[in-house]
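Presented below is the structure to which this report refers.
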Amino acid sequence: MGKFSYKGLTAAQVEESRQKTGSNELPPPKVESFMEKLLDNFQDPLIKILMVALVITLGLAFMGYAEWVEGVGIAVAVFLATFVATYSEYKNESSFQKLQAEASKVKNNVFREGDISSIFVGEVVKGDFILLQPGDKIPADGVVIDGELVVNQASLTGESRPVHKSKSPSGYKIKESENASFGDKYLVFRESVVVDGEAVMVADRVGVASEYGKISLELGEKETRPSPLQIKLERLADNISTLGYVGAILIGLSFLFKQFVVDQGYDWSKMIAYMSNWQLALKDSVTALILGIIIIVVAVPEGLPMMIAIVLSLNMRKLLKAKVLVRKLLGIEAAGSLNILFSDKTGTITKGQLETHMFIACSLKRFHSFGEIPSSLQSLLQFCIEHSTSSHVRQDGAIVGGNASERAFLAWLGGSKGVARDAVSIKREIQFTSERKFSAAEVVVANGAASLPARVETTKEKTIVIVKGAPEKLLGNCTHYYDDADGSVKPFKNHDKLDEAISTLSEKGMRMIAFATSPVSIQAEGKNGPVVPEKLTFIGVVALKDEIRPESKDAIRLMKQAGIQVVMITGDRVETAVSIAKEIDLVPSRSGGDELSKSSDKLSAHAKTVITSDELHKMSDDDVAAILPELRVVARALPTDKSRLVRIAQSSSNGSSSLVVGMTGDGVNDAAALKKADVGFAMGSGTEVAKEASDLVIMDDNFYSIAQSVLYGRTIFRSIRKFIVFQSTINVASTLIVFLGPFLGFDMPLTLIQLLWVNLVMDTLAALAFGGEPALQRYMADKPVSRTEAIISPDMWSSILSGGSFIAALCIAFLTNDQIEAFFTRAGVTAASDSNPVFLTAFFCLFIFTATINAFNVRTPKINIFDHIMGNFGFIFVIAFIWLVQVAFSFIGGSVLRTVPLELHEWRAIMLGSLLIIPFDMLRKLIVAPFLPKQLEDNSEFENPKAEDDDEEDGSDKSDSEEENKKEKEPEEAPKKEVRTRGATKKAAAAAAAAQEDEQPQETKKSSAKSKPKKA
């Protein structure tokens, strides 16, 4: 059952068409292959310089002035470092693109096998009959064969002006030889968006044969813009790189000074003799150059850009489990910094599953089921519901298409049959929009098909104009009503009593929709669009109920705790809006928001928490900005209100920076506001144009998922900060060690190859370790990160500088202490260079172990360094991998890595020395903590309504799942402690209690990662 009915193609015809004319899939954008990425990484200037130095080193080795293993070792190390970085980048980028492609697939409704089906765009074939409704993205080029449309073809023409499309004349066909004309009123094109109307098209050109397909082949890969965080990281990398270059020059000069001057006893004659041996002088000069380059490789944080890709890709699956699809990197970054969120009510805060609650006749009698309605009104109401809807009932009884209200009306009929669809034709219609607040359909009924009230029919033909919409839109034009006793038409006089009954139900959260008929044909549009038909005869009002999601109240409280202001925007009456707002604690029950909204007094700009769209229009931007901090609800809102609120909020300030604004939306008209907002949240059930304009897609339309996106945004930002602290600490430590080494009697405390291994540890492996940090609910206690806040906080600086200095001091003390050297000296174990290989191996291991143990300090601001560590198994795996490789290097490194196997007591001493970084950083945290911003206390409660998701996110164990499943079916109020969980399930309450015990204050502390020296 539906407005349109077509048999469509059979399964055999679909396959035949696909074989003959091809698939509707478009070729994916070109992605850089692994080899292309690898070769591109070898184009790095530093790598090129290293390769030149490698050639010189091998040349000197050939002449007998250098060791072959040194050149081979450099070559292998450079290749492995580049290979691992390339593989990690390629793997995570491919994973990210695959996830986005799978989750972003668009569906369309098509007629097949005599029924309507929802299929992916790529499954459409030439000859398919496709149902197009507002918000749909047209999947192929084709001809309109029924209905009328208004479409936006901006994606093809660049013109945003809507274009009217209408039913093509019989026999109309696209000429195969000519190019399509975008101005042809009978043709529609792929990627165009339906703005208004409803129609059926027949697909004619699919895939690359469509106009959009041809354009996509020419355009190829889409360009992406860098996000604010990427820009900040690039600036940080540039600043660190500058310091790295300066440090490299100083270290190279210090090495040469030591070789040319210090080792020659400051004697000019010896210096001249040394320089006269040009081969040796050249070797030392090349060594100084390589040393400087390696310091640059270590100091330059080339891993920062890669860190973003790794962190995001590792969190993509978690985000998808949380029902959040990241369309733009900018979105998830900005979500963690949200200051204000403008949220839709229907389907986001509520379930979006409207159910018909009751029918109210003009006599004020209430009927709670369709069967209770007197037959005098029942048949007329059923006729109006069935023949003014854009929804369709499939053969299996499923209702598709249309809006939620229309689907609820059809479901309410309960399968009862009215006038056959083929006996009714639509002459003209007005589609419902949030601006119009009503819809109308003028239908013609075949003779003998139905007996309609006399007032409904015109004199010449059996015509009825069906009107439905907001009561305040229709009641003013109602002059008569249908009596529920006998169906007779009587003058309509009791407007006030009906208004009072409607308001009473609205205050209980009901959505009220009035039905009426008119003998007057639908007129042409007025100055402001279609107008409500005159001389309406009132049928009654249907009350719809949309239940509030059980987790919405807790999610909104969580957003408040996160410092985010939530403003609910709804098209409902103000009474309905206030009722919902009170129930979710968005507006306190004692608030006078409802009285304020109904007051006729002049608007008090600083007192309003609830306003209507009409009131909003009467206010200047300054007035709106003044009440914005107190604003909680906008009722009877229009899409244009959303764009205005976003603009005003973004121009408002929060201290030294402007507000970060989020907006939710699902309709075509929401696209402008979604695009304008810093973070646009599109609903998964919304229109494709809304999704295209958004940064994030909330796939389950759930407000709690929006809160989860904020949590993940904050988690990702924290992970990046942890990575920066870990990497920068090693930078400080290794630079100090290598710089001071020559002056302390060590030519190269860390060899070139060892420094390349250090670089691999602090870049690629560290990114993998910190990329999987769990999303902890306590992060929602932090204030939003300001737009202008520096990436490196004062606490991070304390961690980097103190940790780097401590590691350097520890390693230098190790190198210069005679007793330590004696402990790591074994008889008979020597090297060709007369150095102590056991001692230098121990030093190398000490440096690596201390730096990696410091990672435990970095990952949490708490004294407990194992806090939630099981929530990031990847961290444990990476650290264990580094240790195992380091131990293996001591056995197999030989002269390449300047290592020898160590004995058990030596390993024990190294580990004990490495562990000193833990108490040191604990002391730093205790000293620094009093100077950091105060967070919520350890016993503060954080309720997690989606307990089953948090088990994985915070690393807690899942247990007693069967018992919990039983509890989920038994909602009851949780114990009334500090936090109430009214309406939540036992499982949610249990999760709240667990979170209460588990979550502790989160300061943005990061400890340092450290580095280690060696003796040459």
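How things are named: the first chain in the structure tokens is A, the next is B, and so on; residues count from 1 in each chain; ligands count from 1 in the order shown.
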Handout entry: Close residues, A:Thr517 itself excluded, 8 Å, only C-alpha atoms, min 5 positions apart in chain, as a PyMOL selection string
Key = chain A and resi 456+464-467+536-539
Kindly export the residues of the current selection with C-alpha atoms, as a PDB file, in the first residue's frame.
```pdb
ATOM      1  CA  VAL A 456     -16.062  16.743   1.109  1.00  0.00           C
ATOM      2  CA  ILE A 464     -11.384  15.527  -1.217  1.00  0.00           C
ATOM      3  CA  VAL A 465      -8.673  17.842   0.090  1.00  0.00           C
ATOM      4  CA  ILE A 466      -6.960  16.232   3.097  1.00  0.00           C
ATOM      5  CA  VAL A 467      -5.062  18.525   5.453  1.00  0.00           C
ATOM      6  CA  LEU A 536     -11.650  23.455   6.818  1.00  0.00           C
ATOM      7  CA  THR A 537     -13.891  20.874   8.423  1.00  0.00           C
ATOM      8  CA  PHE A 538     -12.229  19.509  11.544  1.00  0.00           C
ATOM      9  CA  ILE A 539     -12.042  15.717  11.959  1.00  0.00           C
TER      10      ILE A 539
END
```
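Residue nearest A:Gly122, chosen from A:Asn41, A:Thr86, A:Asn24, A:Gln382 and counting only C-alpha atoms: A:Asn24.
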- [ ] Write out as a list in words the residues lying within 7 Å of stretch 623-635 of chain A, counting only C-alpha atoms and excluding same-chain residues fewer than 3 positions away.
- [x] Val566, Val567, Met568, Ile569, Thr570, Gly571, Asp572, Arg573, Val574, Ala577, Leu586, Val587, Ala605, His606, Lys608, Thr609, Val610, Ile611, Thr612, Ser613, Met619, Ser620, Ile648 and Ser652 of chain A
Would you output that residue set with N, CA and C atoms, as a PDB file, in the first residue's frame?
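To be explicit, this is the file written out as selection-v6.pdb:
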```pdb
ATOM      1  N   VAL A 566      23.805  22.050  26.832  1.00  0.00           N
ATOM      2  CA  VAL A 566      22.924  21.377  25.876  1.00  0.00           C
ATOM      3  C   VAL A 566      21.664  22.225  25.684  1.00  0.00           C
ATOM      4  N   VAL A 567      21.346  22.501  24.424  1.00  0.00           N
ATOM      5  CA  VAL A 567      20.126  23.229  24.082  1.00  0.00           C
ATOM      6  C   VAL A 567      19.283  22.335  23.189  1.00  0.00           C
ATOM      7  N   MET A 568      18.089  21.988  23.639  1.00  0.00           N
ATOM      8  CA  MET A 568      17.197  21.125  22.859  1.00  0.00           C
ATOM      9  C   MET A 568      16.392  21.968  21.882  1.00  0.00           C
ATOM     10  N   ILE A 569      16.443  21.575  20.619  1.00  0.00           N
ATOM     11  CA  ILE A 569      15.698  22.276  19.567  1.00  0.00           C
ATOM     12  C   ILE A 569      14.654  21.318  19.022  1.00  0.00           C
ATOM     13  N   THR A 570      13.401  21.752  19.022  1.00  0.00           N
ATOM     14  CA  THR A 570      12.319  20.859  18.603  1.00  0.00           C
ATOM     15  C   THR A 570      11.236  21.638  17.877  1.00  0.00           C
ATOM     16  N   GLY A 571      10.550  20.946  17.000  1.00  0.00           N
ATOM     17  CA  GLY A 571       9.414  21.546  16.303  1.00  0.00           C
ATOM     18  C   GLY A 571       8.122  21.403  17.073  1.00  0.00           C
ATOM     19  N   ASP A 572       8.159  20.770  18.236  1.00  0.00           N
ATOM     20  CA  ASP A 572       6.953  20.556  19.042  1.00  0.00           C
ATOM     21  C   ASP A 572       6.461  21.857  19.667  1.00  0.00           C
ATOM     22  N   ARG A 573       5.215  21.779  20.163  1.00  0.00           N
ATOM     23  CA  ARG A 573       4.661  22.882  20.932  1.00  0.00           C
ATOM     24  C   ARG A 573       5.518  23.122  22.176  1.00  0.00           C
ATOM     25  N   VAL A 574       5.460  24.337  22.695  1.00  0.00           N
ATOM     26  CA  VAL A 574       6.299  24.677  23.835  1.00  0.00           C
ATOM     27  C   VAL A 574       5.946  23.834  25.055  1.00  0.00           C
ATOM     28  N   ALA A 577       7.646  20.521  24.606  1.00  0.00           N
ATOM     29  CA  ALA A 577       9.091  20.693  24.745  1.00  0.00           C
ATOM     30  C   ALA A 577       9.494  20.828  26.207  1.00  0.00           C
ATOM     31  N   LEU A 586      16.860  18.804  31.805  1.00  0.00           N
ATOM     32  CA  LEU A 586      17.467  19.882  31.032  1.00  0.00           C
ATOM     33  C   LEU A 586      16.973  21.222  31.576  1.00  0.00           C
ATOM     34  N   VAL A 587      15.694  21.243  31.951  1.00  0.00           N
ATOM     35  CA  VAL A 587      15.098  22.388  32.636  1.00  0.00           C
ATOM     36  C   VAL A 587      14.636  21.887  33.997  1.00  0.00           C
ATOM     37  N   ALA A 605      15.470  39.360  28.465  1.00  0.00           N
ATOM     38  CA  ALA A 605      16.566  38.700  27.763  1.00  0.00           C
ATOM     39  C   ALA A 605      17.438  37.831  28.663  1.00  0.00           C
ATOM     40  N   HIS A 606      17.561  38.190  29.915  1.00  0.00           N
ATOM     41  CA  HIS A 606      18.478  37.460  30.790  1.00  0.00           C
ATOM     42  C   HIS A 606      17.779  36.387  31.615  1.00  0.00           C
ATOM     43  N   LYS A 608      15.327  34.063  30.189  1.00  0.00           N
ATOM     44  CA  LYS A 608      14.724  33.016  29.375  1.00  0.00           C
ATOM     45  C   LYS A 608      15.562  31.754  29.343  1.00  0.00           C
ATOM     46  N   THR A 609      14.946  30.631  29.633  1.00  0.00           N
ATOM     47  CA  THR A 609      15.569  29.326  29.422  1.00  0.00           C
ATOM     48  C   THR A 609      14.820  28.565  28.339  1.00  0.00           C
ATOM     49  N   VAL A 610      13.563  28.931  28.103  1.00  0.00           N
ATOM     50  CA  VAL A 610      12.725  28.294  27.089  1.00  0.00           C
ATOM     51  C   VAL A 610      12.106  29.383  26.228  1.00  0.00           C
ATOM     52  N   ILE A 611      12.363  29.308  24.932  1.00  0.00           N
ATOM     53  CA  ILE A 611      11.766  30.281  24.019  1.00  0.00           C
ATOM     54  C   ILE A 611      11.213  29.562  22.801  1.00  0.00           C
ATOM     55  N   THR A 612      10.342  30.239  22.082  1.00  0.00           N
ATOM     56  CA  THR A 612       9.795  29.700  20.841  1.00  0.00           C
ATOM     57  C   THR A 612      10.467  30.362  19.652  1.00  0.00           C
ATOM     58  N   SER A 613      10.249  29.777  18.493  1.00  0.00           N
ATOM     59  CA  SER A 613      10.828  30.335  17.274  1.00  0.00           C
ATOM     60  C   SER A 613      10.307  31.750  17.030  1.00  0.00           C
ATOM     61  N   MET A 619      13.904  38.828  18.471  1.00  0.00           N
ATOM     62  CA  MET A 619      15.095  39.238  19.212  1.00  0.00           C
ATOM     63  C   MET A 619      16.236  39.580  18.268  1.00  0.00           C
ATOM     64  N   SER A 620      17.052  40.544  18.673  1.00  0.00           N
ATOM     65  CA  SER A 620      18.259  40.865  17.922  1.00  0.00           C
ATOM     66  C   SER A 620      19.327  39.837  18.260  1.00  0.00           C
ATOM     67  N   ILE A 648      25.512  32.833  16.050  1.00  0.00           N
ATOM     68  CA  ILE A 648      25.593  33.670  17.249  1.00  0.00           C
ATOM     69  C   ILE A 648      26.490  33.022  18.302  1.00  0.00           C
ATOM     70  N   SER A 652      30.143  34.238  20.095  1.00  0.00           N
ATOM     71  CA  SER A 652      30.237  34.463  21.538  1.00  0.00           C
ATOM     72  C   SER A 652      31.574  33.938  22.022  1.00  0.00           C
TER      73      SER A 652
END
```
Would you pick out the contacts of A:Ala334 at 8 Å or less, using only C-alpha atoms, so that residues sharing its chain but fewer than 6 positions from it are not included, and give the list as an mmCIF file with all heavy atoms, in the first residue's frame?
```
data_model
loop_
_atom_site.group_PDB
_atom_site.id
_atom_site.type_symbol
_atom_site.label_atom_id
_atom_site.label_comp_id
_atom_site.auth_asym_id
_atom_site.auth_seq_id
_atom_site.Cartn_x
_atom_site.Cartn_y
_atom_site.Cartn_z
ATOM 1 N N VAL A 660 33.161 26.526 20.919
ATOM 2 C CA VAL A 660 33.138 25.430 19.950
ATOM 3 C C VAL A 660 31.711 24.891 19.949
ATOM 4 O O VAL A 660 31.198 24.464 20.989
ATOM 5 C CB VAL A 660 34.135 24.320 20.332
ATOM 6 C CG1 VAL A 660 34.054 23.162 19.342
ATOM 7 C CG2 VAL A 660 35.551 24.885 20.377
ATOM 8 N N ASP A 678 30.950 23.857 14.242
ATOM 9 C CA ASP A 678 32.297 23.291 14.366
ATOM 10 C C ASP A 678 32.254 21.777 14.287
ATOM 11 O O ASP A 678 33.168 21.136 13.772
ATOM 12 C CB ASP A 678 32.918 23.720 15.691
ATOM 13 C CG ASP A 678 33.127 25.229 15.755
ATOM 14 O OD1 ASP A 678 33.986 25.732 15.023
ATOM 15 O OD2 ASP A 678 32.415 25.885 16.526
ATOM 16 N N VAL A 679 31.189 21.191 14.844
ATOM 17 C CA VAL A 679 30.981 19.745 14.746
ATOM 18 C C VAL A 679 29.530 19.510 14.345
ATOM 19 O O VAL A 679 28.607 19.851 15.083
ATOM 20 C CB VAL A 679 31.244 19.022 16.082
ATOM 21 C CG1 VAL A 679 31.267 17.514 15.850
ATOM 22 C CG2 VAL A 679 32.531 19.477 16.718
ATOM 23 N N GLY A 713 36.637 11.964 21.531
ATOM 24 C CA GLY A 713 37.416 13.117 21.096
ATOM 25 C C GLY A 713 38.433 13.515 22.148
ATOM 26 O O GLY A 713 39.600 13.814 21.842
#
```
Separating atom CA of A:Val900 from atom CA of A:Phe847, to the nearest tenth of an Å, is a gap of 15.8 Å
Taken to one decimal, the atom CA of A:Tyr212-atom CA of A:Leu156 distance is 6.8 Å
Q) Neighbours of stretch 664-669 of chain A within 10 Å (only C-alpha atoms; same-chain residues fewer than 2 positions away dropped), as a PyMOL selection string? A) chain A and resi 134-136+193-196+341-345+347-348+433-435+568-569+638-640+642-643+662+671-674+677+679-691+693-694+696-698+701+703+706
- Sel. of strand (DSSP E) residues, stretch 309-467 of chain A, as a PyMOL selection string: chain A and resi 324-326+340-344+355-360+366-367+392-393+399-400+424-430+438-445+463-467
Would you give me, as CSV, each residue of stretch 733-754 of chain A having an atom within 12 Å of an atom of stretch 266-288 of chain A, along with its shortest atom pair and that distance in Å to one decimal, using only C-alpha atoms and sorting by chain and residue number?
```
residue,atom,partner,partner_atom,distance
A:Val738,CA,A:Ala288,CA,11.4
A:Phe739,CA,A:Ala288,CA,11.5
A:Pro742,CA,A:Ala288,CA,11.3
A:Asp747,CA,A:Ala288,CA,10.2
A:Met748,CA,A:Thr287,CA,9.8
A:Thr751,CA,A:Thr287,CA,10.2
A:Leu752,CA,A:Thr287,CA,8.9
```
Could you dump the residues just selected with N, CA and C atoms as an mmCIF file, in the first residue's frame?
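Output saved as again.cif:
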```
data_model
loop_
_atom_site.group_PDB
_atom_site.id
_atom_site.type_symbol
_atom_site.label_atom_id
_atom_site.label_comp_id
_atom_site.auth_asym_id
_atom_site.auth_seq_id
_atom_site.Cartn_x
_atom_site.Cartn_y
_atom_site.Cartn_z
ATOM 1 N N VAL A 738 74.115 12.662 23.946
ATOM 2 C CA VAL A 738 75.020 12.686 22.791
ATOM 3 C C VAL A 738 75.840 13.975 22.782
ATOM 4 N N PHE A 739 75.236 15.076 23.230
ATOM 5 C CA PHE A 739 75.954 16.356 23.246
ATOM 6 C C PHE A 739 77.056 16.357 24.300
ATOM 7 N N PRO A 742 80.922 13.487 24.249
ATOM 8 C CA PRO A 742 82.307 13.748 23.837
ATOM 9 C C PRO A 742 83.118 14.495 24.889
ATOM 10 N N ASP A 747 83.210 9.086 22.764
ATOM 11 C CA ASP A 747 83.027 9.601 21.405
ATOM 12 C C ASP A 747 81.561 9.535 20.994
ATOM 13 N N MET A 748 80.946 8.370 21.162
ATOM 14 C CA MET A 748 79.544 8.185 20.774
ATOM 15 C C MET A 748 78.865 7.308 21.820
ATOM 16 N N THR A 751 75.505 4.856 19.504
ATOM 17 C CA THR A 751 75.973 4.790 18.118
ATOM 18 C C THR A 751 74.854 5.204 17.165
ATOM 19 N N LEU A 752 75.242 5.398 15.917
ATOM 20 C CA LEU A 752 74.272 5.823 14.905
ATOM 21 C C LEU A 752 73.143 4.807 14.761
#
```
DSSP-assigned alpha helix (DSSP H) members of stretch 108-221 of chain A, reported as an MDAnalysis selection string: chainID A and resid 154:157 211:219
Output N, CA and C atoms for every residue in that selection, as a compact mmCIF listing (two decimals), in the first residue's frame.
```txt
# COMPACT_ATOMS: atom_id res chain seq x y z
N ALA A 154 23.44 21.06 -7.10
CA ALA A 154 24.68 21.80 -6.87
C ALA A 154 25.92 20.93 -7.03
N SER A 155 25.82 19.64 -6.68
CA SER A 155 26.99 18.75 -6.79
C SER A 155 27.42 18.56 -8.23
N LEU A 156 26.52 18.87 -9.17
CA LEU A 156 26.84 18.70 -10.59
C LEU A 156 27.05 20.04 -11.29
N THR A 157 26.21 21.03 -10.95
CA THR A 157 26.24 22.31 -11.67
C THR A 157 26.88 23.43 -10.87
N GLU A 211 26.25 11.12 -15.41
CA GLU A 211 27.01 12.36 -15.52
C GLU A 211 27.97 12.51 -14.34
N TYR A 212 27.52 12.14 -13.16
CA TYR A 212 28.39 12.24 -11.99
C TYR A 212 29.53 11.23 -12.10
N GLY A 213 29.24 10.05 -12.66
CA GLY A 213 30.27 9.04 -12.84
C GLY A 213 31.38 9.53 -13.76
N LYS A 214 30.99 10.25 -14.82
CA LYS A 214 32.00 10.80 -15.74
C LYS A 214 32.87 11.84 -15.03
N ILE A 215 32.21 12.68 -14.20
CA ILE A 215 32.94 13.72 -13.49
C ILE A 215 33.89 13.10 -12.47
N SER A 216 33.42 12.05 -11.77
CA SER A 216 34.25 11.42 -10.73
C SER A 216 35.51 10.81 -11.32
N LEU A 217 35.44 10.30 -12.55
CA LEU A 217 36.62 9.74 -13.20
C LEU A 217 37.65 10.83 -13.48
N GLU A 218 37.16 12.02 -13.81
CA GLU A 218 38.06 13.13 -14.11
C GLU A 218 38.67 13.71 -12.84
N LEU A 219 37.86 13.77 -11.79
CA LEU A 219 38.34 14.39 -10.56
C LEU A 219 39.29 13.50 -9.80
```
